[in-house]
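The structure under discussion appears below in the form of structure tokens.
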Amino acid sequence: MYSYSNWISFATIVRKETHRFFRIWAQTMLPSAITALLYFVVFGNLIGRFVTPIDGFTYIEYIIPGLIMMSIMLNSYNNVVSSFYGAKFQRSIEEILVSPTPNSMILMGYMFGGILRAMVVGIIVAIVASFFAPINAAYPLLIFVVTFLTACLFSLAGFINSMFAKSFDDVTIVPTFILTPLIYLGGVFYSVDILPPFWEKISLVNPILYMIDAFRYSMLGVSDIPIGLTISVIFLVTALFYVIALTLLKRGYGLRS
Amino acid sequence: MHALTIENLHKVYSGDVHALRGISLTIKEGDFFALLGPNGAGKSTTIGILCSLVNKTSGIVKVFDKNIDLDWAGAKTYIGVVPQEMNFNIFEKVKHIVQNQAGYYGMPRQEAIKATEHALKQVDLWDKRDIRARMLSGGMKRRLMIARAIVHKPKLLILDEPTAGVDIEIRHNMWQFLRKINQQGTTIILTTHYLEEAESLCRNIAIIDHGKIIENTSMRKLLSRLPSQGFILELEDDIAEAPELSGFNTRLIDNETLEVEVLENKTLNEMFIALSDAGIKVAGLRNKSNRLEALFLSLTGSAASVANEPKGGEDV
């Protein structure tokens with residue numbers, strides 16, 4: 001069980017992280033809003049008008065959940081990877097390591113920092129989207145659950161990346177060469193139903209597909225995969241990443257000699 | 001009660017580098033303790049283990065009787081650390097760095113704000129509280145790390161070369177401050193390359209060399225082992241050659257500067273009488289070198305390497 005002091009430590013890390021991403025809002029929040037705006041204008045408005053409705057929704061309505069989810073994934077990941085690696089690089093992480101803060105609280109503190117940024121940016125992107133199409137909310141509670149779990153998962157992934165990273169190059173490799181392709185191939189802009197059977201099966205190995213599909217279901221009420229399965233996959237991968245991140249932290253990988 | 005108990009502490013780094021080879025040490029509560037040793041002797045590894053930044057290979061460490069293997073968090077609450085190198089976020093404001101540290105130690109927000117004000121005022125940084133840490137001078141950054149280390153009122157303060165690279169005035173101000181908090185009850189462990197600092201501040205001392213404690217005693221006892229002391233005398237009148245003084249070794253540095261070695265069975269009074277008898281008037285006197293430095297060099301056998309360093313005698 002955690003003591004009151006432990007929760008204060010946790011709150012301190014979350015406050016520090018929140019303060020950080022608000023302080024550098026031009027780097028952390030503005031780019032997602034501008035990127036989303038460009039997607040909505042180009043894909044949604046200009047190209048989208050020539051695309052036939054998918055599952056009864058206009059193309060722009062169909063891609064809104066995917067684009068919100070994309071910003072949630074990238075922001076939660078980037079927040080933790082850059083903040084934690086920055087703290088490692090400047091050695092300011094030692095401030096926390098020398099304190100009695102339990103490892104699990106350190107991990108959760110950084111994770112919640114990532115979740116909060118993802119939620120703030122998700123809301124900003126939704127507001128931008130609302131200028132182009134009505135925002136649907138078929139299952140509001142599910143919207144929150146999927147957002148929270150996905151942000152957890154990507155925050156943890158960012159944390160694991162930062163534990164292994166030995167330079168700032170290592171911090172950018174995963175988002176550029178792994179995350180972005182998986183997100184784009186995860187059904188942000190299309191339904192996997194339109195893929196040939198072989199590529200549809202390959203797509204099912206991509207965990208991001210489940211998150212985007214679940215979020216689309218929570219907003220539009222339509223999905224390619226049963227919602228129970230998607231939530232289970234997200235939950236299991238999140239739990240797995242949590243165990244990996246906590247084990248690395250307890251061992252002091254890259255932190256303690 | 002002992003502030004710190006270390007028993008048979010070993011640390012082997014990867015590549016079979018044996019940094020600590022069975023260190024045992026006890027430091028009493030309220031002590032001002034010097035931990036000295038040449039570069040690579042194991043000082044920073046020892047401190048790293050105390051602060052949980054280095055994982056020990058074997059051995060027992062207790063902080064105020066709390067075993068770090070059994071009550072890791074409890075032991076940490078007693079410790080404040082001032083590391084050798086800057087380790088704060090340079091983009092954060094001074095007050096936030098200190099407030100956050102209080103928070104990591106579980107101090108509620110309002111209490112942390114008050115403690116931050118107190119700590120920053122103690123190190124004379126309160127007027128800099130709203131500027132970003134990167135804007136501070138080198139000396140101010142050191143003081144910030146001290147404020148950060150004391151904000152949770154630790155019972156054991158560990159300082160790893162806190163005055164490295166700071167000017168003399170700031171160094172002396174820091175000494176004054178450290179003496180004050182030691183008098184108020186904080187146990188202090190100090191590692192330093194400035195042996196004058198250790199001699200001036202510390203009551204007890206341990207010297208580490210090649211991962212082993214080679215000396216662990218009081219400063220007074222250690223210094224009393226010196227067989228002789230050297231003094232540099234500024235003379236009122238020029239002399240052509242060093243005088244022969246019975247019981248003293250002399251060497252002329254220049255026509256108006258004389259070096260005299262006083263053996264442990266002789267007093268300074270006897271030296272002045274001998275000089276007076278030789279018709280030499282003394283205008284000024286200073287120690288030839290730091291006394292602890294001479295002992296340190298003889299114990300660690302690092303005189304040769306030090307002699308080659310360009311920094312001069314004091315900094316080893």
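Chain labels A, B, ... are given in the sequence in which chains occur in the structure tokens; within each chain residues are numbered consecutively from 1, and ligands are likewise numbered from 1 in the order shown.
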
Within 12 Å of Asn204 (chain B), counting only C-alpha atoms, which residues show up once you throw out same-chain ones fewer than 4 positions away? Write them as a CSV table (one decimal) with N, CA and C atoms, in the first residue's frame, please.
chain,number,residue,atom,x,y,z
B,25,LEU,N,32.8,1.3,8.1
B,25,LEU,CA,32.9,2.6,8.5
B,25,LEU,C,31.7,2.9,9.4
B,26,THR,N,31.9,3.7,10.5
B,26,THR,CA,30.8,4.2,11.3
B,26,THR,C,31.0,5.7,11.5
B,27,ILE,N,29.9,6.4,11.4
B,27,ILE,CA,29.9,7.8,11.6
B,27,ILE,C,28.8,8.2,12.6
B,28,LYS,N,29.3,8.9,13.6
B,28,LYS,CA,28.4,9.2,14.7
B,28,LYS,C,27.4,10.3,14.4
B,29,GLU,N,26.3,10.3,15.0
B,29,GLU,CA,25.3,11.4,14.8
B,29,GLU,C,25.9,12.7,15.2
B,30,GLY,N,25.8,13.7,14.4
B,30,GLY,CA,26.3,15.1,14.7
B,30,GLY,C,27.7,15.3,14.2
B,31,ASP,N,28.3,14.3,13.7
B,31,ASP,CA,29.7,14.4,13.2
B,31,ASP,C,29.8,15.3,12.0
B,32,PHE,N,31.0,15.8,11.8
B,32,PHE,CA,31.4,16.4,10.5
B,32,PHE,C,32.5,15.6,10.0
B,33,PHE,N,32.3,14.8,9.0
B,33,PHE,CA,33.2,13.7,8.6
B,33,PHE,C,33.7,13.9,7.2
B,34,ALA,N,35.0,13.8,7.1
B,34,ALA,CA,35.7,13.9,5.8
B,34,ALA,C,35.9,12.5,5.2
B,35,LEU,N,35.5,12.4,4.0
B,35,LEU,CA,35.8,11.1,3.2
B,35,LEU,C,36.7,11.5,2.1
B,36,LEU,N,38.0,11.2,2.2
B,36,LEU,CA,39.0,11.6,1.3
B,36,LEU,C,39.6,10.5,0.5
B,187,THR,N,24.3,15.8,10.7
B,187,THR,CA,25.5,15.1,10.5
B,187,THR,C,25.9,15.3,9.0
B,188,ILE,N,27.2,15.6,8.8
B,188,ILE,CA,27.7,16.0,7.5
B,188,ILE,C,28.8,15.0,7.1
B,189,ILE,N,28.7,14.5,5.9
B,189,ILE,CA,29.8,13.8,5.3
B,189,ILE,C,30.3,14.6,4.1
B,190,LEU,N,31.6,14.9,4.0
B,190,LEU,CA,32.1,15.7,3.0
B,190,LEU,C,33.2,15.0,2.2
B,198,ALA,N,38.8,20.1,4.4
B,198,ALA,CA,38.5,19.0,5.3
B,198,ALA,C,39.2,19.3,6.6
B,199,GLU,N,40.4,19.9,6.6
B,199,GLU,CA,41.1,20.1,7.9
B,199,GLU,C,40.4,21.2,8.7
B,200,SER,N,39.8,22.2,8.0
B,200,SER,CA,39.2,23.3,8.6
B,200,SER,C,37.8,22.9,9.2
B,215,GLU,N,42.7,4.7,6.4
B,215,GLU,CA,42.8,5.5,7.6
B,215,GLU,C,41.5,5.9,8.0
B,216,ASN,N,41.2,5.8,9.3
B,216,ASN,CA,39.9,6.2,9.8
B,216,ASN,C,40.1,6.6,11.3
B,217,THR,N,40.1,7.9,11.5
B,217,THR,CA,40.5,8.4,12.8
B,217,THR,C,40.0,9.9,13.0
B,218,SER,N,40.3,10.5,14.1
B,218,SER,CA,40.0,11.9,14.2
B,218,SER,C,41.0,12.8,13.5
B,219,MET,N,40.5,13.9,13.1
B,219,MET,CA,41.4,14.8,12.4
B,219,MET,C,42.6,15.2,13.3
B,220,ARG,N,42.3,15.4,14.6
B,220,ARG,CA,43.4,15.9,15.5
B,220,ARG,C,44.5,14.8,15.7
B,221,LYS,N,44.0,13.5,15.8
B,221,LYS,CA,45.0,12.4,15.9
B,221,LYS,C,45.8,12.3,14.7
B,222,LEU,N,45.2,12.4,13.6
B,222,LEU,CA,45.9,12.3,12.3
B,222,LEU,C,46.9,13.3,12.1
B,223,LEU,N,46.5,14.6,12.4
B,223,LEU,CA,47.5,15.7,12.2
B,223,LEU,C,48.7,15.6,13.2

Tell me, as a ChimeraX atom specification, which residues lie within 8 Å of region 120-133 of chain A, counting only C-alpha atoms; anything in the same chain fewer than 5 positions away does not count. /A:29,32-33,36-37,40,45,60-61,64,67-69,71-72,75

Distance limit 8 Å, atoms considered: only C-alpha atoms. Which chain B residues sit that close to chain A? Return them as a CSV table (one decimal) with N, CA and C atoms, in the first residue's frame.
chain,number,residue,atom,x,y,z
B,13,TYR,N,32.0,-3.4,-10.5
B,13,TYR,CA,31.4,-2.9,-11.8
B,13,TYR,C,31.6,-4.0,-12.9
B,51,CYS,N,23.2,6.9,-1.7
B,51,CYS,CA,22.1,7.6,-2.3
B,51,CYS,C,21.2,6.8,-3.2
B,52,SER,N,21.5,5.5,-3.3
B,52,SER,CA,20.9,4.5,-4.1
B,52,SER,C,21.0,4.8,-5.6
B,53,LEU,N,22.1,5.5,-6.0
B,53,LEU,CA,22.3,5.7,-7.4
B,53,LEU,C,23.3,4.6,-7.9
B,54,VAL,N,23.9,3.9,-7.0
B,54,VAL,CA,24.7,2.8,-7.4
B,54,VAL,C,24.3,1.5,-6.6
B,55,ASN,N,24.1,0.4,-7.3
B,55,ASN,CA,23.7,-0.8,-6.6
B,55,ASN,C,24.9,-1.5,-6.0
B,72,TRP,N,14.5,0.7,2.6
B,72,TRP,CA,15.1,1.5,1.6
B,72,TRP,C,14.6,2.9,1.7
B,73,ALA,N,13.2,3.1,1.7
B,73,ALA,CA,12.6,4.4,1.7
B,73,ALA,C,12.9,5.1,3.0
B,74,GLY,N,12.8,4.3,4.1
B,74,GLY,CA,13.0,4.9,5.4
B,74,GLY,C,14.4,5.5,5.5
B,76,LYS,N,16.3,6.6,3.1
B,76,LYS,CA,16.4,7.7,2.2
B,76,LYS,C,15.9,9.0,2.8
B,77,THR,N,14.9,8.9,3.6
B,77,THR,CA,14.2,10.1,4.2
B,77,THR,C,15.2,10.9,5.0
B,81,VAL,N,21.5,15.0,-0.4
B,81,VAL,CA,22.7,14.9,-1.2
B,81,VAL,C,23.0,16.1,-2.0
B,86,MET,N,26.4,19.1,-11.6
B,86,MET,CA,25.0,19.7,-11.6
B,86,MET,C,24.0,18.6,-12.1
B,87,ASN,N,22.9,18.5,-11.4
B,87,ASN,CA,22.0,17.5,-11.9
B,87,ASN,C,20.5,18.0,-11.7
B,88,PHE,N,20.3,19.2,-12.1
B,88,PHE,CA,18.9,19.7,-12.1
B,88,PHE,C,18.5,20.1,-13.5
B,89,ASN,N,17.2,20.3,-13.7
B,89,ASN,CA,16.7,20.7,-15.0
B,89,ASN,C,17.0,22.2,-15.1
B,100,ASN,N,9.9,21.0,-5.9
B,100,ASN,CA,9.7,19.6,-6.3
B,100,ASN,C,10.4,18.6,-5.5
B,101,GLN,N,11.7,19.0,-5.1
B,101,GLN,CA,12.5,18.1,-4.3
B,101,GLN,C,11.7,17.8,-3.0
B,103,GLY,N,8.6,17.9,-2.5
B,103,GLY,CA,7.5,17.0,-2.9
B,103,GLY,C,7.9,15.6,-3.1
B,104,TYR,N,9.0,15.3,-3.7
B,104,TYR,CA,9.5,14.0,-3.8
B,104,TYR,C,9.7,13.3,-2.5
B,105,TYR,N,10.0,14.1,-1.5
B,105,TYR,CA,10.2,13.6,-0.1
B,105,TYR,C,8.9,13.5,0.7
B,106,GLY,N,7.8,13.8,0.0
B,106,GLY,CA,6.5,13.6,0.6
B,106,GLY,C,6.0,14.8,1.4
B,107,MET,N,6.6,16.0,1.1
B,107,MET,CA,6.2,17.2,1.9
B,107,MET,C,5.0,17.8,1.2
B,108,PRO,N,3.9,18.0,2.0
B,108,PRO,CA,2.7,18.6,1.4
B,108,PRO,C,3.0,20.0,0.7

Taken to one decimal, the CA of Leu201 (chain B)-CA of Gly80 (chain B) distance is 18.4 Å

Do you know which residues are at most 12 Å from Ile273 (chain B) counting only C-alpha atoms, after dropping those on the same chain fewer than 5 positions away, and could you put them as a list in words?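 The contact residues come out as Leu245, Ser246, Gly247, Phe248, Lys266, Thr267, Leu268, Ala278, Gly279, Ile280, Lys281 and Val282 of chain B.
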
Take the residues that were just selected and, keeping all heavy atoms, output them as a PDB file, in the first residue's frame.
ATOM      1  N   LEU B 245      70.511  26.772  12.237  1.00  0.00           N
ATOM      2  CA  LEU B 245      69.822  26.857  13.516  1.00  0.00           C
ATOM      3  C   LEU B 245      69.794  25.469  14.131  1.00  0.00           C
ATOM      4  O   LEU B 245      69.356  24.514  13.479  1.00  0.00           O
ATOM      5  CB  LEU B 245      68.383  27.368  13.340  1.00  0.00           C
ATOM      6  CG  LEU B 245      68.201  28.707  12.597  1.00  0.00           C
ATOM      7  CD1 LEU B 245      66.708  29.012  12.439  1.00  0.00           C
ATOM      8  CD2 LEU B 245      68.883  29.842  13.334  1.00  0.00           C
ATOM      9  N   SER B 246      70.238  25.351  15.348  1.00  0.00           N
ATOM     10  CA  SER B 246      70.314  24.049  15.996  1.00  0.00           C
ATOM     11  C   SER B 246      68.906  23.460  16.189  1.00  0.00           C
ATOM     12  O   SER B 246      68.044  24.089  16.799  1.00  0.00           O
ATOM     13  CB  SER B 246      71.008  24.226  17.352  1.00  0.00           C
ATOM     14  OG  SER B 246      70.937  23.038  18.059  1.00  0.00           O
ATOM     15  N   GLY B 247      68.677  22.275  15.652  1.00  0.00           N
ATOM     16  CA  GLY B 247      67.375  21.604  15.798  1.00  0.00           C
ATOM     17  C   GLY B 247      66.376  21.963  14.729  1.00  0.00           C
ATOM     18  O   GLY B 247      65.234  21.488  14.745  1.00  0.00           O
ATOM     19  N   PHE B 248      66.748  22.813  13.787  1.00  0.00           N
ATOM     20  CA  PHE B 248      65.831  23.206  12.709  1.00  0.00           C
ATOM     21  C   PHE B 248      66.532  23.075  11.368  1.00  0.00           C
ATOM     22  O   PHE B 248      67.727  23.389  11.252  1.00  0.00           O
ATOM     23  CB  PHE B 248      65.386  24.676  12.880  1.00  0.00           C
ATOM     24  CG  PHE B 248      64.691  24.934  14.178  1.00  0.00           C
ATOM     25  CD1 PHE B 248      65.408  25.397  15.281  1.00  0.00           C
ATOM     26  CD2 PHE B 248      63.331  24.706  14.316  1.00  0.00           C
ATOM     27  CE1 PHE B 248      64.785  25.640  16.488  1.00  0.00           C
ATOM     28  CE2 PHE B 248      62.699  24.951  15.525  1.00  0.00           C
ATOM     29  CZ  PHE B 248      63.415  25.414  16.621  1.00  0.00           C
ATOM     30  N   LYS B 266      60.055  20.289  18.804  1.00  0.00           N
ATOM     31  CA  LYS B 266      60.412  21.712  18.943  1.00  0.00           C
ATOM     32  C   LYS B 266      59.153  22.576  18.903  1.00  0.00           C
ATOM     33  O   LYS B 266      58.148  22.195  18.303  1.00  0.00           O
ATOM     34  CB  LYS B 266      61.336  22.135  17.796  1.00  0.00           C
ATOM     35  CG  LYS B 266      62.706  21.482  17.833  1.00  0.00           C
ATOM     36  CD  LYS B 266      63.582  22.132  18.883  1.00  0.00           C
ATOM     37  CE  LYS B 266      64.985  21.529  18.867  1.00  0.00           C
ATOM     38  NZ  LYS B 266      65.830  22.114  19.934  1.00  0.00           N
ATOM     39  N   THR B 267      59.252  23.759  19.499  1.00  0.00           N
ATOM     40  CA  THR B 267      58.097  24.678  19.470  1.00  0.00           C
ATOM     41  C   THR B 267      58.430  25.877  18.602  1.00  0.00           C
ATOM     42  O   THR B 267      59.606  26.131  18.276  1.00  0.00           O
ATOM     43  CB  THR B 267      57.762  25.182  20.889  1.00  0.00           C
ATOM     44  OG1 THR B 267      58.881  25.956  21.352  1.00  0.00           O
ATOM     45  CG2 THR B 267      57.476  24.027  21.827  1.00  0.00           C
ATOM     46  N   LEU B 268      57.391  26.625  18.274  1.00  0.00           N
ATOM     47  CA  LEU B 268      57.614  27.849  17.495  1.00  0.00           C
ATOM     48  C   LEU B 268      58.405  28.871  18.303  1.00  0.00           C
ATOM     49  O   LEU B 268      59.213  29.628  17.764  1.00  0.00           O
ATOM     50  CB  LEU B 268      56.272  28.453  17.059  1.00  0.00           C
ATOM     51  CG  LEU B 268      55.550  27.755  15.899  1.00  0.00           C
ATOM     52  CD1 LEU B 268      54.246  28.488  15.591  1.00  0.00           C
ATOM     53  CD2 LEU B 268      56.411  27.722  14.653  1.00  0.00           C
ATOM     54  N   ALA B 278      70.296  34.392  15.915  1.00  0.00           N
ATOM     55  CA  ALA B 278      71.066  34.489  14.655  1.00  0.00           C
ATOM     56  C   ALA B 278      70.968  35.886  14.056  1.00  0.00           C
ATOM     57  O   ALA B 278      71.481  36.141  12.948  1.00  0.00           O
ATOM     58  CB  ALA B 278      70.582  33.449  13.667  1.00  0.00           C
ATOM     59  N   GLY B 279      70.253  36.792  14.737  1.00  0.00           N
ATOM     60  CA  GLY B 279      70.137  38.170  14.275  1.00  0.00           C
ATOM     61  C   GLY B 279      69.147  38.353  13.133  1.00  0.00           C
ATOM     62  O   GLY B 279      69.235  39.312  12.361  1.00  0.00           O
ATOM     63  N   ILE B 280      68.190  37.431  13.052  1.00  0.00           N
ATOM     64  CA  ILE B 280      67.203  37.514  11.953  1.00  0.00           C
ATOM     65  C   ILE B 280      65.861  37.983  12.505  1.00  0.00           C
ATOM     66  O   ILE B 280      65.355  37.424  13.482  1.00  0.00           O
ATOM     67  CB  ILE B 280      67.057  36.137  11.259  1.00  0.00           C
ATOM     68  CG1 ILE B 280      68.378  35.773  10.581  1.00  0.00           C
ATOM     69  CG2 ILE B 280      65.902  36.142  10.258  1.00  0.00           C
ATOM     70  CD1 ILE B 280      68.437  34.358  10.053  1.00  0.00           C
ATOM     71  N   LYS B 281      65.334  39.052  11.867  1.00  0.00           N
ATOM     72  CA  LYS B 281      64.021  39.566  12.282  1.00  0.00           C
ATOM     73  C   LYS B 281      62.963  39.071  11.305  1.00  0.00           C
ATOM     74  O   LYS B 281      63.143  39.142  10.093  1.00  0.00           O
ATOM     75  CB  LYS B 281      64.031  41.100  12.299  1.00  0.00           C
ATOM     76  CG  LYS B 281      64.853  41.677  13.431  1.00  0.00           C
ATOM     77  CD  LYS B 281      64.781  43.190  13.420  1.00  0.00           C
ATOM     78  CE  LYS B 281      65.599  43.759  14.558  1.00  0.00           C
ATOM     79  NZ  LYS B 281      65.729  45.228  14.449  1.00  0.00           N
ATOM     80  N   VAL B 282      61.845  38.586  11.874  1.00  0.00           N
ATOM     81  CA  VAL B 282      60.783  38.006  11.034  1.00  0.00           C
ATOM     82  C   VAL B 282      59.648  39.020  10.866  1.00  0.00           C
ATOM     83  O   VAL B 282      59.121  39.537  11.841  1.00  0.00           O
ATOM     84  CB  VAL B 282      60.230  36.712  11.677  1.00  0.00           C
ATOM     85  CG1 VAL B 282      59.093  36.132  10.848  1.00  0.00           C
ATOM     86  CG2 VAL B 282      61.353  35.693  11.850  1.00  0.00           C
TER      87      VAL B 282
END

Name the closest residue to Pro175 (chain A) among the candidates A:Val51, A:Ile227, A:Ile63, A:Ala157; distances are taken between atoms, counting only C-alpha atoms.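 The shortest atom-to-atom distance to Pro175 (chain A) comes from A:Ala157.
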
Can you tell me which residues surround Leu229 (chain A) at a distance of at most 10 Å, considering only C-alpha atoms, apart from same-chain residues fewer than 6 positions away, and format the answer as a list in words?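 The neighbour list is Tyr210, Ala214 and Phe235 of chain A.
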
Could you find all residues in region 57-300 of chain B that DSSP calls helix (DSSP H, G or I) from the backbone, and write them as number ranges by chain? B: 72-77, 94-104, 109-122, 126-128, 133-135, 138-150, 168-183, 195-201, 219-223, 268-277, 291-300

Within 12 Å of Ile113 (chain B), counting only C-alpha atoms, which residues qualify if same-chain residues fewer than 6 places away don't, as number ranges by chain? B: 95-103, 107, 119-120, 129, 151-152

Determine the nearest neighbour of Ser232 (chain A) from the options A:Ala118, A:Ile202, A:Leu30, A:Val145, counting only C-alpha atoms.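 Checking each of A:Ala118, A:Ile202, A:Leu30, A:Val145 against Ser232 (chain A), counting only C-alpha atoms, the winner is A:Val145.
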
Extract, using only C-alpha atoms, all DNA, RNA and protein residues at most 7 Å from Lys155 (chain B), discarding same-chain residues fewer than 6 positions from it, and format them as a list of chain:residue names.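 Everything that qualifies: B:Tyr78, B:Ile79, B:Thr186, B:Thr187.
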
How about saving the chosen residues, C-alpha atoms kept, as a PDB file, in the first residue's frame?
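Wrote again-v4.pdb, looks like this:
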ATOM      1  CA  TYR B  78      17.233  10.884   6.409  1.00  0.00           C
ATOM      2  CA  ILE B  79      19.607  11.729   3.582  1.00  0.00           C
ATOM      3  CA  THR B 186      22.922  17.786  10.977  1.00  0.00           C
ATOM      4  CA  THR B 187      25.511  15.079  10.458  1.00  0.00           C
TER       5      THR B 187
END

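Picture a line from CA of His10 (chain B) to CA of Cys202 (chain B); it runs 25.6 Å.
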
Tell me which protein, DNA and RNA residues are within 8 Å of region 110-117 of chain A, counting only C-alpha atoms, leaving out same-chain ones fewer than 3 positions away, and put them as a count of residues only. 23

At what distance in Å, to one decimal, does CA of Gly158 (chain A) lie from CA of Lys93 (chain B)? 25.7 Å

Compare B:Ile232, B:Gly211, B:Glu270, B:Ile90 by their minimum atom-to-atom distance to Ile253 (chain B), counting only C-alpha atoms, and give me the closest one.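 Among B:Ile232, B:Gly211, B:Glu270, B:Ile90, it is B:Ile232 that comes nearest to Ile253 (chain B).
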
Using only C-alpha atoms, which of B:Leu136, B:Ile150, B:Val260, B:Leu144 sits nearest Ala115 (chain B)?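 Of B:Leu136, B:Ile150, B:Val260, B:Leu144, the one nearest Ala115 (chain B), counting only C-alpha atoms, is B:Ile150.
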